[in-house]
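Notes to accompany the following structure.
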Amino acid sequence: MESLDMNLLDPWNTPFGLAPFDAISDADFAPTMDAALAQARSGMQAIATSSDAPSFENTIEAQEVAEEPLNQLAAAFYTLASTDSTPLREELQRDFAPKLSAYASAVTSNVALFARIEDLWSRRASLGLSPEQERVLMLTRRDFIRAGAKLTGAEAARMAEIKSRLASLGTSFMQNLLADERDWTLPLQTDDLAGLPDFVLQAAKAAGQEKGLDGPVVTLSRSLIVPFLEFSDRRDLRETAYKAWAARGANGGETDNREIVRETLQLRQEQAALLGYKSFAEFKLETQMAKTPARVRDLLMQVWHPAKARAEADGAILTQMMAEDGLNGPLMAWDWRYYAQKRRRADHDLDEAELKPYLQLDQMIAAAFDCAQRLFGLTFQELSLPLHHKDARVWEVCRNGAHVALFIGDYFARSGKRSGAWCSALQSQRKRPSPRAPIVINVCNFAKPSGGAPALLSFDDARTLFHEFGHALHQMLSDVSYSAVSGTSVARDFVELPSQLYEHWLEVPEVLQKFAIHAQTGAAMPDDLLKRMLGAATFDMGFQTVEYIASALVDLSFHETAAPQDPMLQQAEVLADIGMPAAIGMRHATPQFAHVFAGDGYSSGYYSYMWSEVMDADAFASFEEAGGPFDLERARALQDNILSRGGSADAQELYVAFRGKLPDATALLHNRGL
Ligand SMILES: [Zn+2]
């Protein structure tokens, strides 16, 4: 490759400031990252040692400027590393994790820099700050203190050591999980295909092709293994596949995550103790809406009891169905989805295979865009720009002809892509120090069709697409001054509100009537099928709620008390305590719980989805109580009080401004049919 005639640390002179993916080679990253870190360090040092009296501009805004090249480079690199990993990129990640952590520690332990922040804080009333500036100052100071800025000597050094080690452990956890997912396939011979509808077979063929194999294979990608478990008549193969899926990260050998989990929990506990907290959960929850572990547990247990009762009743019915097949129980984890799917066909006359042709990826993207147009006046124009992968697509988002954002969608599963789905920003919105429009990316893992066939989704996949697009709207509609509080930079247990709220529009009949179009015939989904599909929306909700809450409770217990010597034993104890139904696995068992162990984003925070759901159920009810799903006054209130505000005000305050009151769990229990 030609040498780069562009300095990656300069502002990118590309359309919309998008990372120049066509011009960056992997070989550029290591030297450029080192240079970016050095530049950020000297920029921060210049702020710390400035002879000018501290001001908001020269101390807080200036930090954003000093870190800008580093942030833009890191955003580009981690987009590549998480969506299209290679051994070289994995090596770079392992190299960068401790370096970035050391940099962050150096910043928060810079005594002169923290002294300037403290000085501003003590004079805040007389500085003439806007409410947003005062909040950014408060958050910056709080971040410094929580990172250990008040520690000195050996304690400060130990804190830096812990954080660096945690960063490396998080990277290894993710890479091990990826390796286990990448390395396992189950080739399917002709007589292994019993029960599989065509869409599963096609997905299995495409997965085989992608792996360079001849025939169809099952992989551990959720969008392939779940339908396989739902449809395969071959109980022996379901068992093999399920066990491999459940064993990710716990296969012994080099990719085993269990020791990483143990050490991670121990270090987190030590970190919390150094900062003066009783537990890591107390430390983490301090900045969340929930505030305390007790309030989290209250909510989870309030939903657990009805959910478990529902799951047990459902399990009895499924066991009976299995007996009718001549199989005497007990119902096993690899049987649940299979018999649940059969029951869905019988009770709701609803077959995933019948639905699927109506849920085309392109139509579901169009549906998500159309709702955003009706609610918020956004329009979407597809562009041709060099992106991080050839399967990714990009749209310019405008309102009244003015540029709002770039939106990138990277929808198909591939080996080298992290599992799950997520939204991140290559660039987040801000007005100061200089204005910047957001560049937002949604990443999913939908099965890629083979040949030129249209990509088809399950209803769950379509819901995931709407979910991630809700996060994207939070970023794209952000209208704040500082990127520190822009878009999804909010409390973790508030961040799922816009995403889960947006899922509700997928269930609006007029949306499906318009966009659920048969892939071959072009016919709209028949009303009767639409009714049956929406009628089945709470189907198997006992199972789904149980598998989720079990994971949330294990996460909470890990961080609430002293770190366990044997996390797997503690997991077993928590499940025994709550009486976990034997035929239901945790949604994420500990060795594959990336939310909690590939970084600490959702540690003591997996409950957040349910906390946010209390609000999204209540928020959507407010549309229904007003003029309906497309009520423009409600849409305006949502945009003005929540979507545009990011973290520029307290989450609870924002919600009350939108709704007039705080919600309780009633609407949630109702929506889940519990
Ligand atoms: Zn989300």
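Every chain in the structure tokens takes a letter, A first, then B, and so on in the order presented; its residues are numbered from 1, and the ligands are numbered from 1 following the presented order.
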Exercise for review: Enumerate as a VMD selection string the residues within 8 Å of ligand 1, counting only C-alpha atoms and all ligand atoms.
Suggested key: chain A and resid 422 to 423 467 to 468 471 495 to 496 499 to 500 609
Wanna dump the region 475-519 of chain A-region 619-630 of chain A contacts at 8 Å for me, each residue with its shortest atom pair and the distance in Å to one decimal, counting only C-alpha atoms, ordered by chain and number, as CSV?
residue,atom,partner,partner_atom,distance
A:Leu501,CA,A:Phe620,CA,6.6
A:His504,CA,A:Phe620,CA,7.2
A:Trp505,CA,A:Pro629,CA,7.2
A:Val508,CA,A:Pro629,CA,7.4
Closest pair table for region 73-159 of chain A residues within 12 Å of region 13-18 of chain A, only C-alpha atoms, as CSV:
residue,atom,partner,partner_atom,distance
A:Leu73,CA,A:Leu18,CA,11.0
A:Ala75,CA,A:Leu18,CA,10.7
A:Ala76,CA,A:Leu18,CA,9.1
Selected residues written out, N, CA, C and O atoms, as a PDB file, in the first residue's frame:
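Generated output (part38.pdb):
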ATOM      1  N   LEU A  73      -9.211   8.970  16.295  1.00  0.00           N
ATOM      2  CA  LEU A  73      -8.458   7.797  15.869  1.00  0.00           C
ATOM      3  C   LEU A  73      -8.977   6.540  16.566  1.00  0.00           C
ATOM      4  O   LEU A  73      -9.186   5.498  15.940  1.00  0.00           O
ATOM      5  N   ALA A  75     -11.935   6.005  17.827  1.00  0.00           N
ATOM      6  CA  ALA A  75     -13.271   5.646  17.343  1.00  0.00           C
ATOM      7  C   ALA A  75     -13.174   4.872  16.032  1.00  0.00           C
ATOM      8  O   ALA A  75     -13.874   3.875  15.820  1.00  0.00           O
ATOM      9  N   ALA A  76     -12.290   5.297  15.139  1.00  0.00           N
ATOM     10  CA  ALA A  76     -12.122   4.594  13.861  1.00  0.00           C
ATOM     11  C   ALA A  76     -11.552   3.201  14.102  1.00  0.00           C
ATOM     12  O   ALA A  76     -12.039   2.201  13.562  1.00  0.00           O
TER      13      ALA A  76
END
Check your understanding: Given the choices A:Ala582, A:Leu355, A:Ala536, A:Val596, which gets closest to Ile517 (chain A) if the distance is worked out from only C-alpha atoms?
Key -> A:Leu355
Near Glu155 (chain A), within 12 Å and counting only C-alpha atoms, which residues show up once chain neighbours fewer than 2 positions away are dropped, as a short mmCIF file (atom, residue, chain, number, x, y, z; two decimals) with all heavy atoms, in the first residue's frame?
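Final output, saved to out05.cif:
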data_model
loop_
_atom_site.label_atom_id
_atom_site.label_comp_id
_atom_site.auth_asym_id
_atom_site.auth_seq_id
_atom_site.Cartn_x
_atom_site.Cartn_y
_atom_site.Cartn_z
N SER A 109 -4.86 11.58 37.54
CA SER A 109 -3.98 11.73 38.71
C SER A 109 -3.04 12.93 38.55
O SER A 109 -2.11 13.11 39.33
CB SER A 109 -3.19 10.44 38.96
OG SER A 109 -2.40 10.15 37.83
N ALA A 147 -12.27 8.42 39.57
CA ALA A 147 -11.11 7.74 38.98
C ALA A 147 -9.93 7.71 39.95
O ALA A 147 -8.91 7.09 39.68
CB ALA A 147 -10.71 8.42 37.69
N GLY A 148 -10.06 8.43 41.08
CA GLY A 148 -8.99 8.36 42.08
C GLY A 148 -8.16 9.63 42.20
O GLY A 148 -7.06 9.60 42.75
N ALA A 149 -8.68 10.77 41.71
CA ALA A 149 -7.89 12.01 41.73
C ALA A 149 -7.50 12.44 43.15
O ALA A 149 -6.52 13.17 43.32
CB ALA A 149 -8.66 13.14 41.05
N LYS A 150 -8.26 11.99 44.14
CA LYS A 150 -7.92 12.40 45.51
C LYS A 150 -6.97 11.41 46.19
O LYS A 150 -6.56 11.64 47.32
CB LYS A 150 -9.20 12.57 46.34
CG LYS A 150 -10.00 13.81 45.92
CD LYS A 150 -11.17 14.10 46.85
CE LYS A 150 -11.69 15.53 46.57
NZ LYS A 150 -12.87 15.83 47.39
N LEU A 151 -6.64 10.34 45.50
CA LEU A 151 -5.67 9.39 46.07
C LEU A 151 -4.25 9.92 45.87
O LEU A 151 -3.97 10.62 44.90
CB LEU A 151 -5.79 8.02 45.40
CG LEU A 151 -7.14 7.31 45.49
CD1 LEU A 151 -7.09 5.99 44.74
CD2 LEU A 151 -7.54 7.09 46.95
N THR A 152 -3.37 9.53 46.78
CA THR A 152 -1.97 9.95 46.64
C THR A 152 -1.06 8.75 46.86
O THR A 152 -1.49 7.70 47.34
CB THR A 152 -1.61 11.03 47.69
OG1 THR A 152 -1.95 10.51 48.97
CG2 THR A 152 -2.35 12.33 47.43
N GLY A 153 0.20 8.94 46.52
CA GLY A 153 1.25 7.97 46.83
C GLY A 153 0.96 6.56 46.35
O GLY A 153 0.53 6.35 45.21
N ALA A 157 -0.85 4.92 42.86
CA ALA A 157 -0.13 4.02 41.97
C ALA A 157 -0.88 2.70 41.81
O ALA A 157 -1.00 2.15 40.71
CB ALA A 157 1.28 3.76 42.51
N ARG A 158 -1.41 2.20 42.93
CA ARG A 158 -2.15 0.94 42.88
C ARG A 158 -3.41 1.09 42.01
O ARG A 158 -3.76 0.20 41.24
CB ARG A 158 -2.52 0.51 44.30
CG ARG A 158 -3.32 -0.77 44.39
CD ARG A 158 -2.56 -1.98 43.87
NE ARG A 158 -3.41 -3.18 43.84
CZ ARG A 158 -3.28 -4.16 42.96
NH1 ARG A 158 -2.32 -4.11 42.04
NH2 ARG A 158 -4.07 -5.20 42.99
N MET A 159 -4.07 2.23 42.13
CA MET A 159 -5.27 2.47 41.32
C MET A 159 -4.94 2.41 39.83
O MET A 159 -5.67 1.79 39.05
CB MET A 159 -5.88 3.83 41.70
CG MET A 159 -7.12 4.21 40.91
SD MET A 159 -8.47 3.03 41.13
CE MET A 159 -9.23 3.69 42.60
N ALA A 160 -3.85 3.04 39.44
CA ALA A 160 -3.46 3.03 38.03
C ALA A 160 -3.18 1.60 37.58
O ALA A 160 -3.57 1.18 36.48
CB ALA A 160 -2.23 3.91 37.81
N GLU A 161 -2.51 0.85 38.46
CA GLU A 161 -2.18 -0.54 38.15
C GLU A 161 -3.46 -1.37 37.95
O GLU A 161 -3.58 -2.14 36.99
CB GLU A 161 -1.42 -1.08 39.36
CG GLU A 161 -0.34 -2.08 39.10
CD GLU A 161 0.43 -2.29 40.42
OE1 GLU A 161 -0.06 -3.03 41.30
OE2 GLU A 161 1.49 -1.66 40.57
N ILE A 162 -4.41 -1.18 38.86
CA ILE A 162 -5.67 -1.94 38.78
C ILE A 162 -6.39 -1.63 37.48
O ILE A 162 -6.85 -2.52 36.77
CB ILE A 162 -6.60 -1.58 39.98
CG1 ILE A 162 -6.03 -2.14 41.28
CG2 ILE A 162 -8.00 -2.09 39.75
CD1 ILE A 162 -6.79 -1.71 42.52
N GLU A 270 -11.41 -4.21 44.98
CA GLU A 270 -10.28 -3.44 45.56
C GLU A 270 -10.36 -1.97 45.13
O GLU A 270 -10.11 -1.05 45.92
CB GLU A 270 -8.95 -4.07 45.10
CG GLU A 270 -7.74 -3.47 45.82
CD GLU A 270 -6.41 -4.03 45.31
OE1 GLU A 270 -6.41 -5.07 44.60
OE2 GLU A 270 -5.37 -3.40 45.61
N GLN A 271 -10.72 -1.77 43.87
CA GLN A 271 -10.87 -0.41 43.34
C GLN A 271 -11.93 0.36 44.13
O GLN A 271 -11.70 1.51 44.55
CB GLN A 271 -11.30 -0.53 41.86
CG GLN A 271 -11.42 0.77 41.13
CD GLN A 271 -11.94 0.57 39.70
OE1 GLN A 271 -12.36 -0.53 39.32
NE2 GLN A 271 -11.90 1.62 38.90
N ALA A 273 -12.96 -0.22 47.17
CA ALA A 273 -12.50 -0.02 48.54
C ALA A 273 -11.52 1.16 48.62
O ALA A 273 -11.60 2.00 49.52
CB ALA A 273 -11.85 -1.29 49.07
N LEU A 274 -10.61 1.24 47.64
CA LEU A 274 -9.66 2.36 47.60
C LEU A 274 -10.39 3.70 47.54
O LEU A 274 -9.93 4.70 48.09
CB LEU A 274 -8.75 2.24 46.38
CG LEU A 274 -7.50 1.36 46.49
CD1 LEU A 274 -6.84 1.21 45.12
CD2 LEU A 274 -6.51 1.96 47.49
N LEU A 275 -11.53 3.71 46.87
CA LEU A 275 -12.27 4.96 46.71
C LEU A 275 -13.25 5.21 47.86
O LEU A 275 -13.97 6.21 47.87
CB LEU A 275 -13.04 4.94 45.38
CG LEU A 275 -12.15 4.94 44.13
CD1 LEU A 275 -12.97 4.62 42.89
CD2 LEU A 275 -11.44 6.29 43.97
N GLY A 276 -13.29 4.29 48.82
CA GLY A 276 -14.11 4.50 50.00
C GLY A 276 -15.54 3.99 49.90
O GLY A 276 -16.42 4.44 50.63
#
Would you mind listing what lies within 9 Å of region 111-125 of chain A as a short mmCIF file (atom, residue, chain, number, x, y, z; two decimals) with all heavy atoms, in the first residue's frame, with only C-alpha atoms counted and same-chain residues fewer than 5 positions away left out?
data_model
loop_
_atom_site.label_atom_id
_atom_site.label_comp_id
_atom_site.auth_asym_id
_atom_site.auth_seq_id
_atom_site.Cartn_x
_atom_site.Cartn_y
_atom_site.Cartn_z
N MET A 44 -2.70 18.04 27.56
CA MET A 44 -3.25 18.07 28.92
C MET A 44 -2.26 18.72 29.88
O MET A 44 -2.65 19.47 30.78
CB MET A 44 -3.58 16.65 29.39
CG MET A 44 -4.72 16.01 28.64
SD MET A 44 -6.27 16.97 28.71
CE MET A 44 -7.40 15.75 29.29
N GLN A 45 -0.98 18.42 29.68
CA GLN A 45 0.03 19.01 30.56
C GLN A 45 0.07 20.53 30.39
O GLN A 45 0.23 21.26 31.36
CB GLN A 45 1.40 18.36 30.26
CG GLN A 45 2.49 18.64 31.29
CD GLN A 45 2.06 18.28 32.72
OE1 GLN A 45 1.18 17.45 32.94
NE2 GLN A 45 2.67 18.94 33.71
N ILE A 47 -2.44 22.41 29.66
CA ILE A 47 -3.59 22.96 30.40
C ILE A 47 -3.26 23.02 31.89
O ILE A 47 -3.49 24.03 32.57
CB ILE A 47 -4.84 22.08 30.18
CG1 ILE A 47 -5.24 22.06 28.71
CG2 ILE A 47 -6.00 22.56 31.06
CD1 ILE A 47 -6.26 21.00 28.34
N ALA A 48 -2.68 21.92 32.39
CA ALA A 48 -2.40 21.82 33.83
C ALA A 48 -1.41 22.88 34.29
O ALA A 48 -1.51 23.41 35.39
CB ALA A 48 -1.87 20.42 34.15
N THR A 49 -0.44 23.19 33.45
CA THR A 49 0.65 24.08 33.88
C THR A 49 0.49 25.50 33.35
O THR A 49 1.41 26.32 33.48
CB THR A 49 2.01 23.53 33.40
OG1 THR A 49 1.95 23.36 31.98
CG2 THR A 49 2.33 22.20 34.06
N ALA A 53 -5.07 32.16 34.91
CA ALA A 53 -6.01 31.71 35.94
C ALA A 53 -7.01 30.75 35.30
O ALA A 53 -7.38 30.92 34.13
CB ALA A 53 -6.74 32.90 36.54
N PRO A 54 -7.45 29.70 36.03
CA PRO A 54 -8.38 28.74 35.45
C PRO A 54 -9.68 29.39 35.00
O PRO A 54 -10.25 30.22 35.74
CB PRO A 54 -8.66 27.76 36.60
CG PRO A 54 -7.54 27.95 37.56
CD PRO A 54 -7.07 29.36 37.41
N SER A 55 -10.15 29.04 33.82
CA SER A 55 -11.48 29.43 33.36
C SER A 55 -12.12 28.17 32.77
O SER A 55 -11.42 27.18 32.52
CB SER A 55 -11.38 30.51 32.28
OG SER A 55 -10.81 29.96 31.10
N PHE A 56 -13.44 28.23 32.57
CA PHE A 56 -14.12 27.07 31.97
C PHE A 56 -13.49 26.75 30.62
O PHE A 56 -13.24 25.59 30.29
CB PHE A 56 -15.62 27.35 31.83
CG PHE A 56 -16.41 26.13 31.42
CD1 PHE A 56 -16.86 25.23 32.38
CD2 PHE A 56 -16.67 25.87 30.08
CE1 PHE A 56 -17.57 24.09 32.01
CE2 PHE A 56 -17.38 24.74 29.70
CZ PHE A 56 -17.83 23.85 30.66
N THR A 59 -9.75 25.36 30.81
CA THR A 59 -9.54 24.15 31.62
C THR A 59 -10.46 23.00 31.21
O THR A 59 -10.02 21.86 31.09
CB THR A 59 -9.73 24.47 33.11
OG1 THR A 59 -8.79 25.50 33.46
CG2 THR A 59 -9.48 23.24 33.97
N ILE A 60 -11.73 23.29 30.97
CA ILE A 60 -12.68 22.20 30.63
C ILE A 60 -12.78 22.04 29.11
O ILE A 60 -12.51 20.97 28.57
CB ILE A 60 -14.07 22.47 31.25
CG1 ILE A 60 -13.95 22.67 32.76
CG2 ILE A 60 -15.03 21.34 30.92
CD1 ILE A 60 -13.47 21.46 33.53
N GLU A 134 -22.22 24.27 34.01
CA GLU A 134 -22.06 23.90 35.41
C GLU A 134 -22.17 22.38 35.57
O GLU A 134 -21.43 21.77 36.34
CB GLU A 134 -23.08 24.62 36.30
CG GLU A 134 -22.83 24.30 37.76
CD GLU A 134 -23.59 25.20 38.74
OE1 GLU A 134 -23.92 26.33 38.36
OE2 GLU A 134 -23.82 24.75 39.87
N LEU A 137 -18.99 20.77 34.32
CA LEU A 137 -17.95 20.93 35.35
C LEU A 137 -18.16 19.93 36.49
O LEU A 137 -17.22 19.26 36.93
CB LEU A 137 -17.99 22.37 35.89
CG LEU A 137 -17.04 22.69 37.05
CD1 LEU A 137 -15.59 22.43 36.67
CD2 LEU A 137 -17.23 24.14 37.51
N MET A 138 -19.42 19.80 36.93
CA MET A 138 -19.72 18.86 38.02
C MET A 138 -19.35 17.43 37.60
O MET A 138 -18.71 16.69 38.35
CB MET A 138 -21.22 18.95 38.36
CG MET A 138 -21.69 18.04 39.48
SD MET A 138 -22.05 16.33 38.99
CE MET A 138 -23.64 16.53 38.15
N THR A 140 -17.24 16.45 35.22
CA THR A 140 -15.80 16.29 35.04
C THR A 140 -15.13 16.07 36.40
O THR A 140 -14.33 15.16 36.57
CB THR A 140 -15.20 17.56 34.38
OG1 THR A 140 -15.92 17.83 33.18
CG2 THR A 140 -13.73 17.36 34.06
N ARG A 141 -15.51 16.93 37.36
CA ARG A 141 -14.93 16.79 38.69
C ARG A 141 -15.27 15.43 39.29
O ARG A 141 -14.42 14.74 39.85
CB ARG A 141 -15.46 17.93 39.59
CG ARG A 141 -15.00 17.82 41.03
CD ARG A 141 -15.47 19.05 41.83
NE ARG A 141 -15.05 18.95 43.22
CZ ARG A 141 -15.81 18.41 44.18
NH1 ARG A 141 -17.01 17.94 43.90
NH2 ARG A 141 -15.35 18.36 45.42
N PHE A 144 -13.18 12.70 37.78
CA PHE A 144 -11.81 12.72 38.31
C PHE A 144 -11.78 12.05 39.69
O PHE A 144 -10.92 11.22 39.95
CB PHE A 144 -11.28 14.16 38.40
CG PHE A 144 -10.54 14.61 37.17
CD1 PHE A 144 -11.20 14.84 35.98
CD2 PHE A 144 -9.16 14.81 37.19
CE1 PHE A 144 -10.52 15.25 34.83
CE2 PHE A 144 -8.46 15.22 36.06
CZ PHE A 144 -9.15 15.44 34.88
N ILE A 145 -12.71 12.44 40.54
CA ILE A 145 -12.71 11.89 41.91
C ILE A 145 -12.96 10.38 41.88
O ILE A 145 -12.27 9.61 42.54
CB ILE A 145 -13.76 12.60 42.79
CG1 ILE A 145 -13.34 14.05 42.99
CG2 ILE A 145 -13.94 11.88 44.12
CD1 ILE A 145 -14.38 14.93 43.66
N ALA A 149 -8.68 10.77 41.71
CA ALA A 149 -7.89 12.01 41.73
C ALA A 149 -7.50 12.44 43.15
O ALA A 149 -6.52 13.17 43.32
CB ALA A 149 -8.66 13.14 41.05
N LYS A 150 -8.26 11.99 44.14
CA LYS A 150 -7.92 12.40 45.51
C LYS A 150 -6.97 11.41 46.19
O LYS A 150 -6.56 11.64 47.32
CB LYS A 150 -9.20 12.57 46.34
CG LYS A 150 -10.00 13.81 45.92
CD LYS A 150 -11.17 14.10 46.85
CE LYS A 150 -11.69 15.53 46.57
NZ LYS A 150 -12.87 15.83 47.39
#
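Between Leu177 (chain A) and the candidates A:Asp362, A:Glu254, A:Asp650, A:Asp26, the tightest atom-to-atom separation, counting only C-alpha atoms, involves A:Glu254.
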Can you write out as JSON lines which residues of region 147-195 of chain A fall within 6 Å of region 597-606 of chain A, alongside each residue's closest atom pair and its distance in Å to one decimal, counting only C-alpha atoms and ordering rows by chain and ascending residue number?
{"residue": "A:Gly170", "atom": "CA", "partner": "A:Ala598", "partner_atom": "CA", "distance": 4.1}
{"residue": "A:Phe173", "atom": "CA", "partner": "A:Ala598", "partner_atom": "CA", "distance": 5.7}
{"residue": "A:Met174", "atom": "CA", "partner": "A:Ala598", "partner_atom": "CA", "distance": 5.4}
Using only C-alpha atoms, determine which residues lie at most 9 Å from Gln72 (chain A), disregarding the query and same-chain residues fewer than 2 positions distant; provide the list as a short mmCIF file (atom, residue, chain, number, x, y, z; two decimals) with N, CA, C and O atoms, in the first residue's frame.
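See selection-v1.cif below for the written result:
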data_model
loop_
_atom_site.label_atom_id
_atom_site.label_comp_id
_atom_site.auth_asym_id
_atom_site.auth_seq_id
_atom_site.Cartn_x
_atom_site.Cartn_y
_atom_site.Cartn_z
N LEU A 9 -3.56 12.65 12.42
CA LEU A 9 -3.81 13.44 13.62
C LEU A 9 -4.36 14.83 13.29
O LEU A 9 -4.78 15.57 14.18
N PRO A 11 -7.25 17.31 11.52
CA PRO A 11 -8.69 17.14 11.25
C PRO A 11 -8.85 16.46 9.88
O PRO A 11 -8.10 16.75 8.95
N ALA A 19 -14.12 9.15 9.09
CA ALA A 19 -12.78 8.56 9.10
C ALA A 19 -12.40 8.08 7.69
O ALA A 19 -13.23 7.49 7.00
N GLU A 67 -7.80 16.26 23.40
CA GLU A 67 -7.99 14.82 23.18
C GLU A 67 -8.63 14.49 21.84
O GLU A 67 -8.84 13.32 21.52
N GLU A 68 -8.94 15.53 21.07
CA GLU A 68 -9.71 15.28 19.85
C GLU A 68 -9.06 14.31 18.86
O GLU A 68 -9.70 13.36 18.42
N PRO A 69 -7.77 14.50 18.50
CA PRO A 69 -7.17 13.55 17.55
C PRO A 69 -7.14 12.12 18.10
O PRO A 69 -7.40 11.17 17.37
N LEU A 70 -6.87 11.99 19.39
CA LEU A 70 -6.87 10.67 20.01
C LEU A 70 -8.25 10.04 19.92
O LEU A 70 -8.40 8.87 19.54
N ALA A 74 -9.20 6.64 17.88
CA ALA A 74 -9.68 5.49 18.64
C ALA A 74 -11.06 5.05 18.13
O ALA A 74 -11.32 3.85 17.98
N ALA A 75 -11.93 6.01 17.83
CA ALA A 75 -13.27 5.65 17.34
C ALA A 75 -13.17 4.87 16.03
O ALA A 75 -13.87 3.87 15.82
N ALA A 76 -12.29 5.30 15.14
CA ALA A 76 -12.12 4.59 13.86
C ALA A 76 -11.55 3.20 14.10
O ALA A 76 -12.04 2.20 13.56
N PHE A 77 -10.53 3.12 14.93
CA PHE A 77 -9.89 1.82 15.16
C PHE A 77 -10.86 0.83 15.80
O PHE A 77 -10.97 -0.32 15.36
N LEU A 426 -19.02 7.49 15.76
CA LEU A 426 -17.68 7.81 15.30
C LEU A 426 -17.36 9.25 15.67
O LEU A 426 -16.20 9.65 15.79
N GLN A 427 -18.40 10.01 15.82
CA GLN A 427 -18.26 11.41 16.21
C GLN A 427 -19.57 11.83 16.88
O GLN A 427 -20.63 11.61 16.33
#
Contacts of region 579-581 of chain A within 12 Å, only C-alpha atoms, excl. fewer than 6 positions in-chain, as a short mmCIF file (atom, residue, chain, number, x, y, z; two decimals) with C-alpha atoms, in the first residue's frame:
data_model
loop_
_atom_site.label_atom_id
_atom_site.label_comp_id
_atom_site.auth_asym_id
_atom_site.auth_seq_id
_atom_site.Cartn_x
_atom_site.Cartn_y
_atom_site.Cartn_z
CA TRP A 304 -39.24 -12.09 39.01
CA HIS A 305 -42.11 -13.69 40.90
CA ALA A 307 -42.32 -14.15 35.51
CA LYS A 308 -41.20 -17.35 37.20
CA ALA A 309 -44.80 -18.42 37.82
CA ARG A 310 -45.55 -17.88 34.14
CA ALA A 311 -42.43 -19.77 33.04
CA GLU A 312 -43.25 -22.73 35.28
CA ALA A 313 -46.78 -22.95 33.92
CA ASP A 314 -45.42 -22.75 30.37
CA GLY A 315 -42.75 -25.36 31.14
CA ALA A 316 -45.43 -27.82 32.28
CA PRO A 330 -37.45 -33.66 32.03
CA LEU A 331 -37.66 -30.82 29.54
CA MET A 332 -34.09 -29.68 28.85
CA ALA A 333 -32.70 -26.30 27.85
CA TRP A 336 -37.59 -25.27 25.41
CA GLY A 542 -42.07 -15.90 31.15
CA PHE A 543 -39.01 -17.59 29.61
CA THR A 545 -38.06 -12.49 31.55
CA VAL A 546 -36.60 -15.33 33.61
CA GLU A 547 -33.45 -15.71 31.47
CA TYR A 548 -32.89 -11.94 31.64
CA ILE A 549 -33.53 -11.40 35.38
CA ALA A 550 -31.32 -14.37 36.29
CA SER A 551 -28.40 -12.68 34.49
CA LEU A 553 -29.26 -10.85 39.62
CA VAL A 554 -25.98 -12.74 39.12
CA GLN A 571 -23.60 -18.08 40.03
CA ALA A 572 -24.98 -21.53 40.90
CA GLU A 573 -25.92 -20.33 44.40
#
Check your understanding: Could you state the separation of CA of Phe494 (chain A) and CA of Gly128 (chain A) in Å, given to one decimal place?
Key -> 29.3 Å
Practice item. Apply DSSP to the structure's backbone, then extract all residues of region 195-333 of chain A labelled helix (DSSP H, G or I) and return them as a ChimeraX atom specification. Key: /A:198-210,222-231,235-246,253-255,258-274,280-285,293-324,333
